[in-house]
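Notes to accompany the following structure.
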Amino acid sequence: MTPSRLLAALRWYLRELTGENAYGRYAEQHAGTPLLSRREFERARTRQRDDRTGIRCC
Amino acid sequence: MITPPALRARVNVRSVIVWTGVAVAGAIGWGVLALCRGENVSAVWLLVAALGSYAIAYRFYARFICRRVLRVDDRRATPAERLDDGVDYQPTDRRVLLGHHFAAIAGAGPLVGPVLAAQMGYLPGTMWIIIGVIFAGAVQDMVVLFISMRRDGRSLGQLARDEIGPLGGAAALFAVFAIMIILLAVLALVVVNALAKSPWGTFSIAMTIPIALFMGFYLRVWRPGRVIETSVIGVALLLGAIAAGGWVEKSSLAATFTLSPQALVLCLVGYGFIASVLPVWMLLAPRDYLSTFMKIGTVALLAVGVLVAAPVLKTDAITTFAHTGTGPVFAGGLFPFVFITIACGALSGFHALIASGTTPKMIQKESQVRLIGYGGMLMESFVAMMALIAACILDPGLYYAMNAPAGVLGTTAQSAAAAVSHLGFSITPADLTNAAAAVHERTLVARTGGAPTLAVGMSEIFSRVLGGSSLKAFWYHFAIMFEALFILTTVDAGTRVGRFMLQDTLGNVWKPLHRVSWKPGLWATSAAVVIAWGYFLYTGVTNPLGGINQLFPLFGIANQLLAAIALTVATTVLVKSGRLKWAWVTAVPLAWDAAVTLTASWQKVFSTDPRMGFFAQRARYSDALAHGKVLAPAKNAGDMHAIVVNSTVDGVLAALFAILVVVVIGNAAWVCLRALRSPGPTPTTESPYVESQLVAPAGLIPTAEERRELAMAGTEAGS
């Protein structure tokens, strides 16, 4: 694997892990319909997280 | 798809050669550990034995369980595919989900337990971590993940109720809550012991709060959703805060950040309350990103450090404390207490909560339970091996001077050196003072809880690779930060989860509490949870007998008890679904775990040795109190009272935990027996079969055939 491909893979992984890609995916899925702005979308996402705190182990 | 015979044969030959090589390497690692006694065993051999064993177990045992026992079926749609709502249920790339799952299961536990268990030598800990994870811990995680996945991602409590009955379900639910309280108290105690009287550590940990708040607002207000950029800034600020700690320590601010353990308890309890009622975007979410990156980065760094520095183990393979049971760090012999002390990393019941929480709702393919459930736990086990190595490369004299209770060691380097030589090891007061000075701490005497020991070990390894002795203090505080950071995340998240459980349970009695958004109810339940763990934390900090010494066994028993419940549920499901033949896969680890937990509880409750049995301890101190005497290490009647109350509470809890296990196992045995005797098949609790449309590889690296399938389906995200 070339360094540039490795870097691209790492970037893809980190973006997926942190949920940065979520908006892009949402925009892709809802193409053609009126979209939420990035800000509105991220707020809605954190609101969902609020009452779904995952447990963290020891 | 038909593979040409020639191709198949070639692949097989190569795979046979590779796996034979792996097996031989692992066997050599074990051979060195088994045969070398006395002199210079390199820590690299521990890694070789561990990695070789993990690879073999993952390749063969985990695959066997998946195919024969669980009978995973990739034609069957997972809940993520069937119920995809973009919120809870979401098919997630296996590599990404492995990252999430690992971040959720691995915390401070695998770092603390092995350090304490180093009292028995490196061999018992190593064997239990490796053998335990292969046959118990990883099996539990994978099987629970599978069972929950087949049932729309139901939680452990719901599974216990569905499979065993209302009594088993209620016992499981209560156990989960009680364990969480003890867990939070013990983890918070580790932080208190690491930060007490350390202005450098206290300053840099305190700085994580403004850093996380800044990140929260940055993400919310300025750059919504740009998590990577925010995390990079956060990590940079964090490293800056660690470096700045060295400056604060020498400045006039040092007094402000030099806190007593009692003051730290108040800070932590206050923090836990406020953090858990704030919206997650402010503190919890950014903190979570920070701790995930720090965790993965530091573990990778440590693995590289051990390989490059190749430190030599200084601890004996098996110490005398393993036979006598009179070790100062925790009382009790090798069986059962090594298996109680090392929970996370070998077998951790807590993981069953995560394996039956969010992970099963996000898995794409049934066969991926092997990578995520089994593989994720192997990764945690590897972290535990790192911690064990970091503790075992320390000079034993220093190890005991740091880890025996303050009541044994006294407060000065002289008294500690004398106490250590009394234990049969040696360290001069000057060496002890120098070791503290090298990491810029006032003292290392009685810095129990594992974190400071691990930090000294890590600074030893890191400074050999990078920076030499000049950076030792930085690395020490880096390690303290690394551990404290995710303990605080656990305290925040754990308090929230405890609150949800309390709201849920009490909401059945009094309706308004059910409403998650009702502020007074939210505050009251949060306060109740915080006060509960705060109580144990406070008794741990003030206990003259040493909080870690008294509470850690209780935490281990609680965690292994939860594992017993999870394994019982798993065994019951196997028996009820007509797989009695394979039930040993979970029944054998269950039998072992029950033996360990019940023996430990029995000794903790009924032992007549006051160092071991909580009630014997209580009797000894309350008798003395009645005669107006004060027994060391207590200094006055107040201390004596504290010991009497603590031993009573701890003893009752140990007994209660044991009774809960017996109730759950007994109930499950009856359910299994009834299922075996009933003439027809037991009705299944699985969700109905739906044909899967998704195409996704099972393992980390797609096979040639999976690549072809992916190409045909035209989907493969990312790389």
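Each chain of the structure tokens is named A, B, ... in the order shown, its residues numbered from 1; ligands are numbered from 1 in display order.
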
Residues at most 8 Å from stretch 320-333 of chain B, counting only C-alpha atoms, excluding those fewer than 6 positions away in the same chain, as a count of residues only? 14

Could you list, as an mmCIF file with N, CA and C atoms, in the first residue's frame, every residue of chain A that has an atom within 9 Å of an atom of chain B, counting only C-alpha atoms?
```cif
data_model
loop_
_atom_site.group_PDB
_atom_site.id
_atom_site.type_symbol
_atom_site.label_atom_id
_atom_site.label_comp_id
_atom_site.auth_asym_id
_atom_site.auth_seq_id
_atom_site.Cartn_x
_atom_site.Cartn_y
_atom_site.Cartn_z
ATOM 1 N N ARG A 5 -2.166 6.200 -0.125
ATOM 2 C CA ARG A 5 -3.373 5.382 0.081
ATOM 3 C C ARG A 5 -3.563 5.060 1.563
ATOM 4 N N LEU A 6 -2.433 4.855 2.246
ATOM 5 C CA LEU A 6 -2.492 4.569 3.676
ATOM 6 C C LEU A 6 -3.086 5.762 4.423
ATOM 7 N N ALA A 8 -5.028 8.057 3.169
ATOM 8 C CA ALA A 8 -6.440 8.190 2.822
ATOM 9 C C ALA A 8 -7.272 7.204 3.634
ATOM 10 N N ALA A 9 -6.743 5.990 3.816
ATOM 11 C CA ALA A 9 -7.463 4.981 4.595
ATOM 12 C C ALA A 9 -7.583 5.421 6.047
ATOM 13 N N LEU A 10 -6.503 5.986 6.569
ATOM 14 C CA LEU A 10 -6.516 6.446 7.962
ATOM 15 C C LEU A 10 -7.544 7.565 8.129
ATOM 16 N N TRP A 12 -10.170 8.147 6.246
ATOM 17 C CA TRP A 12 -11.503 7.559 6.152
ATOM 18 C C TRP A 12 -11.889 6.927 7.495
ATOM 19 N N TYR A 13 -10.942 6.181 8.092
ATOM 20 C CA TYR A 13 -11.259 5.477 9.335
ATOM 21 C C TYR A 13 -11.591 6.459 10.444
ATOM 22 N N LEU A 14 -10.765 7.489 10.586
ATOM 23 C CA LEU A 14 -11.002 8.455 11.659
ATOM 24 C C LEU A 14 -12.322 9.191 11.446
ATOM 25 N N ARG A 15 -12.621 9.534 10.189
ATOM 26 C CA ARG A 15 -13.877 10.242 9.922
ATOM 27 C C ARG A 15 -15.077 9.357 10.236
ATOM 28 N N GLU A 16 -14.977 8.071 9.949
ATOM 29 C CA GLU A 16 -16.065 7.147 10.258
ATOM 30 C C GLU A 16 -16.191 6.966 11.768
ATOM 31 N N LEU A 17 -15.045 6.808 12.419
ATOM 32 C CA LEU A 17 -15.037 6.536 13.868
ATOM 33 C C LEU A 17 -15.656 7.694 14.634
ATOM 34 N N THR A 18 -15.364 8.903 14.222
ATOM 35 C CA THR A 18 -15.846 10.071 14.962
ATOM 36 C C THR A 18 -17.202 10.552 14.476
ATOM 37 N N GLY A 19 -17.713 9.947 13.418
ATOM 38 C CA GLY A 19 -19.020 10.358 12.928
ATOM 39 C C GLY A 19 -18.991 11.600 12.057
ATOM 40 N N GLU A 20 -17.804 11.990 11.603
ATOM 41 C CA GLU A 20 -17.741 13.170 10.735
ATOM 42 C C GLU A 20 -18.416 12.943 9.406
ATOM 43 N N ASN A 21 -18.480 11.687 8.985
ATOM 44 C CA ASN A 21 -19.086 11.367 7.698
ATOM 45 C C ASN A 21 -20.602 11.352 7.737
ATOM 46 N N ALA A 22 -21.170 11.430 8.961
ATOM 47 C CA ALA A 22 -22.616 11.228 9.086
ATOM 48 C C ALA A 22 -23.387 12.238 8.247
ATOM 49 N N TYR A 23 -22.938 13.488 8.263
ATOM 50 C CA TYR A 23 -23.683 14.511 7.517
ATOM 51 C C TYR A 23 -23.622 14.247 6.014
ATOM 52 N N ARG A 38 -25.687 21.813 8.251
ATOM 53 C CA ARG A 38 -24.766 20.993 9.037
ATOM 54 C C ARG A 38 -24.977 21.233 10.526
ATOM 55 N N ARG A 39 -25.134 22.512 10.882
ATOM 56 C CA ARG A 39 -25.303 22.873 12.292
ATOM 57 C C ARG A 39 -26.553 22.215 12.891
ATOM 58 N N GLU A 40 -27.663 22.344 12.158
ATOM 59 C CA GLU A 40 -28.921 21.762 12.657
ATOM 60 C C GLU A 40 -28.787 20.245 12.782
ATOM 61 N N PHE A 41 -28.140 19.669 11.759
ATOM 62 C CA PHE A 41 -27.996 18.219 11.741
ATOM 63 C C PHE A 41 -27.184 17.735 12.938
ATOM 64 N N GLU A 42 -26.052 18.403 13.191
ATOM 65 C CA GLU A 42 -25.193 17.968 14.304
ATOM 66 C C GLU A 42 -25.902 18.169 15.636
ATOM 67 N N ARG A 43 -26.691 19.242 15.758
ATOM 68 C CA ARG A 43 -27.441 19.452 17.002
ATOM 69 C C ARG A 43 -28.433 18.333 17.230
ATOM 70 N N ARG A 45 -28.198 15.392 16.150
ATOM 71 C CA ARG A 45 -27.447 14.177 16.479
ATOM 72 C C ARG A 45 -27.019 14.138 17.941
ATOM 73 N N THR A 46 -26.544 15.279 18.447
ATOM 74 C CA THR A 46 -26.123 15.277 19.861
ATOM 75 C C THR A 46 -27.332 15.156 20.779
ATOM 76 N N ARG A 47 -28.479 15.731 20.344
ATOM 77 C CA ARG A 47 -29.677 15.592 21.171
ATOM 78 C C ARG A 47 -30.019 14.121 21.347
ATOM 79 N N GLN A 48 -29.887 13.374 20.252
ATOM 80 C CA GLN A 48 -30.160 11.935 20.358
ATOM 81 C C GLN A 48 -29.190 11.272 21.324
ATOM 82 N N ARG A 49 -27.961 11.727 21.305
ATOM 83 C CA ARG A 49 -26.956 11.122 22.197
ATOM 84 C C ARG A 49 -27.279 11.377 23.647
ATOM 85 N N ASP A 50 -27.959 12.545 23.889
ATOM 86 C CA ASP A 50 -28.192 12.968 25.273
ATOM 87 C C ASP A 50 -28.890 11.905 26.120
ATOM 88 N N ASP A 51 -29.942 11.303 25.554
ATOM 89 C CA ASP A 51 -30.633 10.312 26.386
ATOM 90 C C ASP A 51 -30.230 8.890 26.012
ATOM 91 N N ARG A 52 -29.065 8.764 25.372
ATOM 92 C CA ARG A 52 -28.605 7.410 25.053
ATOM 93 C C ARG A 52 -27.136 7.267 25.414
ATOM 94 N N THR A 53 -26.767 7.683 26.569
ATOM 95 C CA THR A 53 -25.364 7.559 26.944
ATOM 96 C C THR A 53 -24.996 6.089 26.998
ATOM 97 N N GLY A 54 -24.017 5.732 26.222
ATOM 98 C CA GLY A 54 -23.557 4.348 26.294
ATOM 99 C C GLY A 54 -22.760 4.155 27.574
ATOM 100 N N ILE A 55 -22.794 2.946 28.069
ATOM 101 C CA ILE A 55 -22.041 2.641 29.267
ATOM 102 C C ILE A 55 -20.558 2.563 28.899
ATOM 103 N N ARG A 56 -19.716 2.936 29.793
ATOM 104 C CA ARG A 56 -18.272 2.816 29.569
ATOM 105 C C ARG A 56 -17.726 1.865 30.604
ATOM 106 N N CYS A 57 -16.926 0.936 30.131
ATOM 107 C CA CYS A 57 -16.451 -0.054 31.103
ATOM 108 C C CYS A 57 -15.219 0.448 31.842
ATOM 109 N N CYS A 58 -14.818 -0.387 32.710
ATOM 110 C CA CYS A 58 -13.679 -0.108 33.562
ATOM 111 C C CYS A 58 -12.400 -0.083 32.754
#
```

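Among B:Glu249, B:Glu706, B:Asp316, B:Glu380, the residue with the shortest atom-to-atom distance to B:Ala50, counting only C-alpha atoms, is B:Glu380.
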
Excluding same-chain residues fewer than 4 positions from B:Val18, what lies within 12 Å of it counting only C-alpha atoms, as a VMD selection string? chain B and resid 11 to 14 22 to 25 52 55 to 56 59

Mind checking DSSP for chain A and telling me the helix (DSSP H, G or I) residues as a CSV table (one decimal) with C-alpha atoms, in the first residue's frame?
```csv
chain,number,residue,atom,x,y,z
A,3,PRO,CA,1.8,6.1,1.7
A,4,SER,CA,-0.9,8.2,0.1
A,5,ARG,CA,-3.4,5.4,0.1
A,6,LEU,CA,-2.5,4.6,3.7
A,7,LEU,CA,-3.1,8.2,4.7
A,8,ALA,CA,-6.4,8.2,2.8
A,9,ALA,CA,-7.5,5.0,4.6
A,10,LEU,CA,-6.5,6.4,8.0
A,11,ARG,CA,-8.5,9.6,7.2
A,12,TRP,CA,-11.5,7.6,6.2
A,13,TYR,CA,-11.3,5.5,9.3
A,14,LEU,CA,-11.0,8.5,11.7
A,15,ARG,CA,-13.9,10.2,9.9
A,16,GLU,CA,-16.1,7.1,10.3
A,17,LEU,CA,-15.0,6.5,13.9
A,18,THR,CA,-15.8,10.1,15.0
A,22,ALA,CA,-22.6,11.2,9.1
A,23,TYR,CA,-23.7,14.5,7.5
A,24,GLY,CA,-22.3,13.6,4.1
A,25,ARG,CA,-24.1,10.3,4.2
A,26,TYR,CA,-27.3,12.0,5.3
A,27,ALA,CA,-27.0,14.6,2.4
A,28,GLU,CA,-26.4,11.8,0.0
A,29,GLN,CA,-29.4,9.8,1.1
A,38,ARG,CA,-24.8,21.0,9.0
A,39,ARG,CA,-25.3,22.9,12.3
A,40,GLU,CA,-28.9,21.8,12.7
A,41,PHE,CA,-28.0,18.2,11.7
A,42,GLU,CA,-25.2,18.0,14.3
A,43,ARG,CA,-27.4,19.5,17.0
A,44,ALA,CA,-30.1,16.9,16.3
A,45,ARG,CA,-27.4,14.2,16.5
A,46,THR,CA,-26.1,15.3,19.9
A,47,ARG,CA,-29.7,15.6,21.2
A,48,GLN,CA,-30.2,11.9,20.4
A,49,ARG,CA,-27.0,11.1,22.2
A,50,ASP,CA,-28.2,13.0,25.3
```

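Atom CA of B:Ala417 to atom CA of B:Gly546 spans 18.3 Å [interatomic distance, one decimal].
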
Name the residues in contact with stretch 203-211 of chain B at a cut-off of 8 Å, using only C-alpha atoms, excluding same-chain residues fewer than 5 positions from it; report them as a count of residues only. 13

Enter the distance from atom CA of B:Val695 to atom CA of B:Ser577, in Å, rounded to one decimal. 27.6 Å

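Put simply, atom CA of B:Leu673 is 27.8 Å away from atom CA of B:Ala600.
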
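With only C-alpha atoms taken into account, the protein and nucleic acid residues at most 9 Å from B:Met386 (excluding it and anything under 5 positions from it in its own chain) are Leu47, Leu111, Pro114, Val299, Leu302, Ala303, Val306, Ser381 and Ala391 of chain B.
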
Output file for the selection above: C-alpha atoms, as a PDB file, in the first residue's frame:
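See selection35.pdb below for the written result:
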```pdb
ATOM      1  CA  LEU B  47       4.300 -10.415  24.363  1.00  0.00           C
ATOM      2  CA  LEU B 111      -4.560  -1.148  33.688  1.00  0.00           C
ATOM      3  CA  PRO B 114      -2.699  -6.496  36.623  1.00  0.00           C
ATOM      4  CA  VAL B 299      -1.412   1.651  24.094  1.00  0.00           C
ATOM      5  CA  LEU B 302       3.534   1.301  24.936  1.00  0.00           C
ATOM      6  CA  ALA B 303       3.612  -1.771  22.698  1.00  0.00           C
ATOM      7  CA  VAL B 306       8.224  -2.583  25.160  1.00  0.00           C
ATOM      8  CA  SER B 381      -6.350  -8.458  27.110  1.00  0.00           C
ATOM      9  CA  ALA B 391       4.473  -3.179  36.893  1.00  0.00           C
TER      10      ALA B 391
END
```
